[in-house]
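Engineer: Provided herewith: work-v4.txt, compact mmCIF, C-alpha atoms.
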```txt
# COMPACT_ATOMS: atom_id res chain seq x y z
CA MET A 127 60.62 99.19 58.11
CA ASN A 128 58.58 98.83 61.32
CA VAL A 129 56.20 95.92 61.75
CA ALA A 130 53.42 95.64 64.35
CA ILE A 131 53.59 92.31 66.19
CA ALA A 132 51.13 91.36 68.93
CA GLY A 133 50.36 95.01 69.55
CA ARG A 134 53.99 96.13 69.47
CA THR A 135 56.05 97.93 66.87
CA VAL A 136 59.33 96.14 66.33
CA PRO A 137 62.03 98.56 65.12
CA GLY A 138 64.01 97.36 62.17
CA SER A 139 62.07 94.13 61.68
CA GLY A 140 60.91 92.99 58.30
CA THR A 141 59.01 90.20 56.68
CA GLY A 142 62.09 88.16 55.70
CA PRO A 143 63.87 85.35 57.56
CA CYS A 144 63.84 85.70 61.33
CA VAL A 145 65.92 84.40 64.25
CA ASP A 146 65.72 84.31 68.05
CA LEU A 147 68.79 85.54 69.92
CA HIS A 148 67.67 85.07 73.54
CA MET A 149 66.77 81.50 74.57
CA HIS A 150 67.39 79.24 77.57
CA SER A 151 67.64 75.50 78.14
CA THR A 152 68.14 73.04 80.97
CA ALA A 153 71.82 74.00 80.91
CA SER A 154 70.61 76.87 83.11
CA ASP A 155 67.01 77.65 84.11
CA GLY A 156 65.11 76.61 80.99
CA THR A 157 62.80 73.60 80.99
CA VAL A 158 63.83 71.86 77.74
CA ALA A 159 67.15 70.38 76.63
CA PRO A 160 69.41 72.38 74.29
CA ALA A 161 68.57 70.12 71.34
CA ASP A 162 64.87 70.65 72.00
CA VAL A 163 65.40 74.41 71.89
CA ALA A 164 66.72 73.94 68.35
CA ARG A 165 63.68 71.85 67.45
CA ALA A 166 61.34 74.53 68.84
CA VAL A 167 63.14 77.12 66.72
CA ALA A 168 62.68 75.01 63.60
CA GLU A 169 59.01 74.37 64.40
CA ALA A 170 58.47 78.12 64.76
CA GLY A 171 59.71 78.63 61.20
CA LEU A 172 62.86 80.52 62.19
CA VAL A 173 66.15 80.21 60.31
CA GLY A 174 68.51 80.47 63.28
CA PHE A 175 69.03 81.18 66.95
CA SER A 176 71.46 81.69 69.78
CA LEU A 177 71.32 79.70 73.00
CA THR A 178 71.99 82.15 75.83
CA ASP A 179 71.95 80.20 79.07
CA HIS A 180 72.83 81.95 82.30
CA ASP A 181 76.54 82.05 83.06
CA THR A 182 77.37 78.82 81.21
CA THR A 183 78.34 77.45 77.82
CA GLN A 184 77.50 73.86 78.73
CA GLY A 185 74.54 73.53 76.35
CA LEU A 186 76.17 75.05 73.27
CA ALA A 187 77.67 71.91 71.73
CA GLU A 188 74.36 70.02 71.92
CA ALA A 189 72.39 73.00 70.58
CA GLU A 190 74.84 73.52 67.73
CA ALA A 191 74.76 69.86 66.70
CA ALA A 192 70.95 69.94 66.63
CA ALA A 193 70.99 73.21 64.69
CA ARG A 194 73.28 71.71 62.06
CA ALA A 195 71.05 68.67 61.69
CA LEU A 196 68.03 70.93 61.21
CA GLY A 197 69.75 73.31 58.80
CA LEU A 198 69.56 76.26 61.20
CA ARG A 199 71.99 79.13 61.63
CA PHE A 200 73.57 79.04 65.08
CA LEU A 201 75.51 81.63 67.06
CA PRO A 202 77.05 80.68 70.42
CA GLY A 203 75.79 82.80 73.26
CA ALA A 204 75.41 83.20 77.01
CA GLU A 205 73.58 85.56 79.34
CA LEU A 206 76.20 86.74 81.80
CA SER A 207 75.57 88.27 85.21
CA ALA A 208 77.10 91.62 86.07
CA ASN A 209 75.97 94.05 88.72
CA GLU A 210 76.32 97.53 90.12
CA PRO A 211 75.36 98.65 93.62
CA GLY A 212 71.69 97.90 94.12
CA ARG A 213 70.94 96.33 90.76
CA SER A 214 71.72 93.48 88.41
CA VAL A 215 72.97 93.99 84.87
CA HIS A 216 72.34 91.10 82.49
CA LEU A 217 74.59 90.96 79.44
CA LEU A 218 74.19 88.83 76.32
CA ALA A 219 77.52 87.57 74.98
CA TYR A 220 77.72 86.30 71.40
CA GLY A 221 80.21 84.88 68.94
CA PHE A 222 82.92 83.99 71.46
CA ASP A 223 85.24 80.99 71.49
CA ALA A 224 83.53 78.75 74.04
CA ALA A 225 86.83 76.93 74.69
CA ASP A 226 88.69 80.09 75.63
CA PRO A 227 90.50 79.33 78.93
CA GLY A 228 89.97 82.80 80.36
CA LEU A 229 86.25 82.69 79.64
CA GLN A 230 85.89 79.23 81.15
CA ALA A 231 87.76 80.29 84.29
CA PHE A 232 85.43 83.27 84.55
CA LEU A 233 82.37 81.02 84.19
CA SER A 234 83.74 78.60 86.77
CA ARG A 235 83.84 81.43 89.31
CA TYR A 236 80.26 82.28 88.38
CA ARG A 237 79.20 78.70 89.01
CA GLU A 238 80.86 78.64 92.43
CA ASP A 239 79.13 81.89 93.34
CA ARG A 240 75.75 80.53 92.22
CA GLN A 241 76.22 77.57 94.55
CA ARG A 242 77.12 79.87 97.43
CA ARG A 243 74.19 82.17 96.72
CA ALA A 244 71.61 79.40 96.34
CA ARG A 245 72.63 77.75 99.62
CA GLU A 246 72.29 81.05 101.45
CA ILE A 247 68.88 81.65 99.84
CA VAL A 248 67.70 78.26 101.10
CA GLU A 249 68.86 79.12 104.61
CA ARG A 250 66.93 82.39 104.48
CA LEU A 251 63.84 80.65 103.11
CA GLN A 252 63.92 78.19 105.97
CA ALA A 253 64.28 81.04 108.46
CA ALA A 254 61.23 82.66 106.83
CA GLY A 255 59.18 79.50 107.31
CA ALA A 256 59.36 77.95 103.83
CA ARG A 257 59.98 74.21 104.12
CA VAL A 258 62.43 73.90 101.28
CA THR A 259 65.74 72.02 101.41
CA TRP A 260 68.96 72.13 99.44
CA GLU A 261 68.07 68.72 98.04
CA ASP A 262 64.82 70.19 96.69
CA VAL A 263 66.81 72.83 94.81
CA GLU A 264 69.28 70.26 93.48
CA LEU A 265 66.36 68.24 92.15
CA GLN A 266 65.13 71.26 90.19
CA ALA A 267 68.57 72.30 88.92
CA GLY A 268 69.83 68.90 87.81
CA ALA A 269 73.30 69.33 86.32
CA ALA A 270 72.89 73.11 85.93
CA ALA A 271 74.24 75.70 88.34
CA PRO A 272 71.32 76.70 90.60
CA THR A 273 69.48 79.93 89.82
CA ARG A 274 66.71 81.76 91.63
CA ALA A 275 64.31 80.18 89.15
CA HIS A 276 65.35 76.73 90.33
CA VAL A 277 64.90 77.82 93.95
CA GLY A 278 61.51 79.29 93.08
CA ARG A 279 60.38 76.03 91.50
CA ALA A 280 61.52 74.18 94.63
CA VAL A 281 59.49 76.55 96.80
CA VAL A 282 56.44 75.82 94.63
CA ALA A 283 57.07 72.07 94.77
CA CYS A 284 57.22 72.08 98.58
CA GLY A 285 53.85 73.84 98.74
CA ALA A 286 54.99 77.13 100.27
CA VAL A 287 53.57 79.18 97.38
CA ALA A 288 51.13 78.65 94.51
CA ASP A 289 53.47 79.51 91.64
CA ILE A 290 56.92 80.85 90.84
CA ASN A 291 55.69 84.43 90.52
CA GLU A 292 54.50 84.29 94.12
CA ALA A 293 57.84 82.80 95.16
CA PHE A 294 59.62 85.82 93.73
CA ARG A 295 57.11 88.32 95.12
CA ARG A 296 57.22 86.89 98.64
CA TYR A 297 60.78 85.70 98.98
CA LEU A 298 63.26 85.96 96.12
CA SER A 299 63.11 89.44 94.57
CA ARG A 300 65.45 92.19 95.64
CA GLY A 301 64.33 93.51 99.02
CA ARG A 302 62.43 90.35 99.96
CA PRO A 303 63.44 88.08 102.90
CA ALA A 304 65.42 85.49 100.93
CA PHE A 305 67.12 87.72 98.38
CA VAL A 306 70.89 87.25 98.21
CA GLY A 307 73.09 89.26 95.89
CA LYS A 308 75.80 87.91 93.61
CA GLU A 309 79.44 88.73 94.11
CA PRO A 310 80.41 92.18 92.75
CA THR A 311 81.04 91.99 88.99
CA PRO A 312 81.09 95.37 87.21
CA PRO A 313 79.95 95.23 83.55
CA LYS A 314 83.38 96.25 82.26
CA ILE A 315 84.87 93.03 83.64
CA VAL A 316 82.40 91.07 81.51
CA PHE A 317 83.10 93.22 78.44
CA ASP A 318 86.84 92.62 78.74
CA CYS A 319 86.49 88.87 79.33
CA VAL A 320 84.15 88.31 76.37
CA HIS A 321 86.23 90.51 74.06
CA ALA A 322 89.33 88.52 74.98
CA ALA A 323 87.44 85.38 73.90
CA GLY A 324 86.59 86.98 70.55
CA GLY A 325 82.95 87.80 71.34
CA VAL A 326 80.70 90.83 71.63
CA VAL A 327 78.38 91.95 74.44
CA CYS A 328 74.85 93.38 74.28
CA LEU A 329 72.79 94.77 77.15
CA ALA A 330 69.85 92.45 77.86
CA HIS A 331 66.26 93.72 78.27
CA PRO A 332 67.06 97.39 78.93
CA GLY A 333 63.34 98.01 79.42
CA ARG A 334 63.49 96.44 82.87
CA ALA A 335 65.85 98.79 84.65
CA HIS A 336 68.31 100.55 82.34
CA GLY A 337 68.07 103.73 80.31
CA GLU A 338 69.95 105.73 77.72
CA ASP A 339 72.48 107.14 80.19
CA ASP A 340 73.44 103.61 81.24
CA VAL A 341 73.87 102.51 77.63
CA ARG A 342 76.03 105.53 76.79
CA ARG A 343 78.23 104.98 79.85
CA TRP A 344 78.67 101.26 79.21
CA ALA A 345 79.28 101.85 75.50
CA SER A 346 82.25 104.02 76.49
CA GLN A 347 83.55 101.05 78.50
CA GLY A 348 83.15 98.47 75.74
CA LEU A 349 79.46 97.52 75.41
CA ASP A 350 78.87 96.44 71.80
CA GLY A 351 75.08 96.43 71.49
CA VAL A 352 71.59 96.49 72.99
CA GLU A 353 68.65 94.10 73.04
CA VAL A 354 66.11 96.20 71.20
CA VAL A 355 63.27 93.67 71.21
CA HIS A 356 62.34 91.73 74.35
CA PRO A 357 59.03 90.92 76.08
CA ALA A 358 59.95 93.42 78.84
CA ASN A 359 60.67 96.24 76.38
CA PRO A 360 57.56 98.34 75.70
CA PRO A 361 57.31 100.05 72.30
CA ALA A 362 58.80 103.31 73.58
CA VAL A 363 61.89 101.48 74.87
CA GLN A 364 62.24 99.57 71.62
CA SER A 365 62.13 102.82 69.66
CA ARG A 366 64.64 104.58 71.93
CA MET A 367 67.09 101.68 71.95
CA ASN A 368 66.83 101.26 68.20
CA ALA A 369 67.62 104.94 67.68
CA LEU A 370 70.43 104.89 70.24
CA ALA A 371 72.02 101.88 68.57
CA GLY A 372 72.07 103.81 65.31
CA GLU A 373 73.53 106.90 66.95
CA LEU A 374 76.30 105.04 68.80
CA GLY A 375 77.04 102.41 66.17
CA LEU A 376 75.90 99.60 68.45
CA LEU A 377 74.75 96.16 67.43
CA ARG A 378 71.08 95.27 67.77
CA CYS A 379 69.76 92.00 69.12
CA GLY A 380 66.47 90.66 70.35
CA GLY A 381 64.56 87.55 71.28
CA SER A 382 61.82 85.86 73.19
CA ASP A 383 63.78 85.10 76.39
CA TRP A 384 62.18 81.67 76.00
CA HIS A 385 62.60 79.23 78.89
CA GLY A 386 60.37 76.46 77.54
CA PRO A 387 56.66 75.91 76.91
CA ASP A 388 55.87 75.31 80.58
CA ALA A 389 58.07 77.97 82.15
CA GLY A 390 55.37 80.58 82.70
CA ARG A 391 57.19 83.21 80.67
CA ARG A 392 55.91 85.64 78.09
CA GLY A 393 57.05 85.13 74.55
CA VAL A 394 57.40 82.11 72.32
CA PRO A 395 60.22 81.29 69.88
CA GLY A 396 60.08 83.84 67.11
CA TRP A 397 57.74 86.17 69.00
CA ALA A 398 60.17 89.03 68.50
CA HIS A 399 60.52 88.67 64.70
CA VAL A 400 64.22 89.52 64.93
CA PRO A 401 65.64 89.89 61.41
CA LEU A 402 68.40 87.55 60.24
CA ARG A 403 70.59 90.54 59.43
CA TRP A 404 70.98 91.31 63.16
CA LEU A 405 72.52 87.86 63.67
CA GLU A 406 74.74 88.38 60.64
CA GLU A 407 75.94 91.77 61.89
CA ILE A 408 76.85 90.24 65.25
CA GLY A 409 78.70 87.46 63.45
CA ARG A 410 80.70 89.92 61.36
CA ARG A 411 81.83 91.81 64.43
CA SER A 412 82.74 88.74 66.48
CA SER A 413 85.32 86.04 65.85
CA ARG A 414 82.76 83.25 65.49
CA LYS A 415 80.42 83.67 62.53
CA ALA A 416 77.04 81.97 62.59
CA ASP A 417 76.75 78.74 60.67
CA ARG A 418 75.49 79.12 57.14
CA GLN A 419 72.41 77.16 56.19
CA PRO A 420 73.41 74.22 53.99
CA ALA A 421 72.73 74.66 50.30
```
Translate the structure of the given file into structure tokens.

Structural biologist:
Amino acid sequence: MNVAIAGRTVPGSGTGPCVDLHMHSTASDGTVAPADVARAVAEAGLVGFSLTDHDTTQGLAEAEAAARALGLRFLPGAELSANEPGRSVHLLAYGFDAADPGLQAFLSRYREDRQRRAREIVERLQAAGARVTWEDVELQAGAAAPTRAHVGRAVVACGAVADINEAFRRYLSRGRPAFVGKEPTPPKIVFDCVHAAGGVVCLAHPGRAHGEDDVRRWASQGLDGVEVVHPANPPAVQSRMNALAGELGLLRCGGSDWHGPDAGRRGVPGWAHVPLRWLEEIGRRSSRKADRQPA
């Protein structure tokens, strides 16, 4: 069944219980604490969610505890950074063992690289005339590893630009003066690491930069699924990815990519109307099944 939502047709969605499988907190570049993400999910009338912070599992325990208290289904997740020459590849990992030593070593290297990258971005911003300091970025990031979003907020706070969108347009996007790439991490390395930790991997927001040929190639290397529904996926992309998932036997996922009510992002919790069965299918294929709602 296809359902029209906010002018879009969401493949595979129905009118039953819904979840959100793409959400961020202050453990990375979101603006609310992990427990508050769970509360927002409950307030939106959803039955479950996955917290998918960038390159970290630090918020999962707090989010899971809040989900249990609220009677929500919860699936551990993370949005992991891979890349190929000239482009980033974001991958949503689900159902892994967050305590897996290999996964945590992998994430530790990510964190170190984020520190290196953010410091170099600040240096380039200063060279470009933006009066932003490393301390400004640390203030925005708090305990989280710094992301470009944190740097962008620091650039706004120091008055160099009007908003974070301008910060990215002028300085932080690929090809702009302060863009700095991450260390080379081919997608297959992420697939292998997450699989070793018992999880599965889905391609995030393919509507931004990735097409069917990419999905087919990565599926042959171990990709488990695709994010069918995302604010960046227009209806044609949703339809193509939904059909391709069926053809290749891939998992489907989707979500709002919510970063908080004041993060300037499209989408709100539950915007995507992702059916509960997608979460359940991910759980069946991974080692960590989503919590069942208490009777």

Engineer: What separation in Å, quoted to one decimal, exists between CA of Ser346 in chain A and CA of Arg235 in chain A?

Structural biologist: 26.0 Å

Engineer: Which is closest to Phe317 in chain A among A:Val158, A:Leu370, A:Leu229, A:Leu177, if we use only C-alpha atoms?

Structural biologist: A:Leu229

Engineer: So, counting all atoms listed in the file, which residue among A:Asp350, A:Asp318, A:Asp146, A:Glu309 is closest to Arg199 in chain A?

Structural biologist: A:Asp146

Engineer: Got a sec: who's within 12 Å of Asp181 in chain A, counting all atoms listed in the file, leaving out chain neighbours fewer than 3 positions off, as a PyMOL selection string?

Structural biologist: chain A and resi 150+153-155+177-178+184-185+203-208+216-219+224+229-240+270-273+316+320

Engineer: Could you list, as a ChimeraX atom specification, every residue within 12 Å of Cys284 in chain A, counting only C-alpha atoms and ignoring same-chain residues fewer than 5 positions away?

Structural biologist: /A:251-252,255-263,265-266,277-279,289-290,293

Engineer: Would you mind telling me which residue in A:His336, A:Arg274, A:His148, A:His399 lies nearest to Ala304 in chain A when using all atoms listed in the file?

Structural biologist: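 Using all atoms listed in the file, Ala304 in chain A sits closest to A:Arg274.
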
Engineer: If we count only C-alpha atoms and set the cut-off at 12 Å, which residues sit around Ala189 in chain A, ignoring sequence neighbours fewer than 2 positions away in its own chain? Please answer as a PyMOL selection string.

Structural biologist: chain A and resi 149-153+158-167+174-179+183-187+191-196+198-203

Engineer: Using all atoms listed in the file, which residues sit within 8 Å of Trp404 in chain A once same-chain residues fewer than 6 positions away are excluded, as a PyMOL selection string?

Structural biologist: chain A and resi 377-379

Engineer: Take CA of Asp340 in chain A and CA of Ala358 in chain A and report the distance between them in Å, one decimal.

Structural biologist: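 Value for the CA of Asp340 in chain A-CA of Ala358 in chain A distance: 17.1 Å.
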
Engineer: Do you know which residues are at most 9 Å from Gly396 in chain A counting only C-alpha atoms, after dropping those on the same chain fewer than 4 positions away, and could you put them as a list in words?

Structural biologist: Cys144, Val145, Asp146, Val167, Ala170, Gly171, Leu172, Gly381, Ser382 and Val400 of chain A

Engineer: Calculate how many Å separate CA of Ala288 in chain A from CA of Glu246 in chain A, rounding to one decimal.

Structural biologist: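 Taking CA of Ala288 in chain A and CA of Glu246 in chain A, their separation equals 22.4 Å.
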
Engineer: Closest to Val363 in chain A among A:Val281, A:Glu407, A:Arg342, A:Gly337, using all atoms listed in the file?

Structural biologist: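 Comparing A:Val281, A:Glu407, A:Arg342, A:Gly337 against Val363 in chain A, the winner is A:Gly337.
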
Engineer: Let me make sure I understand: among A:Arg366, A:Arg334, A:Arg243, A:His321, which one has the smallest atom-to-atom distance to Gly348 in chain A if we use only C-alpha atoms?

Structural biologist: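 Smallest separation from Gly348 in chain A among the options: A:His321.
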
Engineer: Using all atoms listed in the file, which of the listed residues (A:Gly142, A:Pro313, A:Gly386, A:Gly307) sits closest to Arg343 in chain A?

Structural biologist: A:Pro313
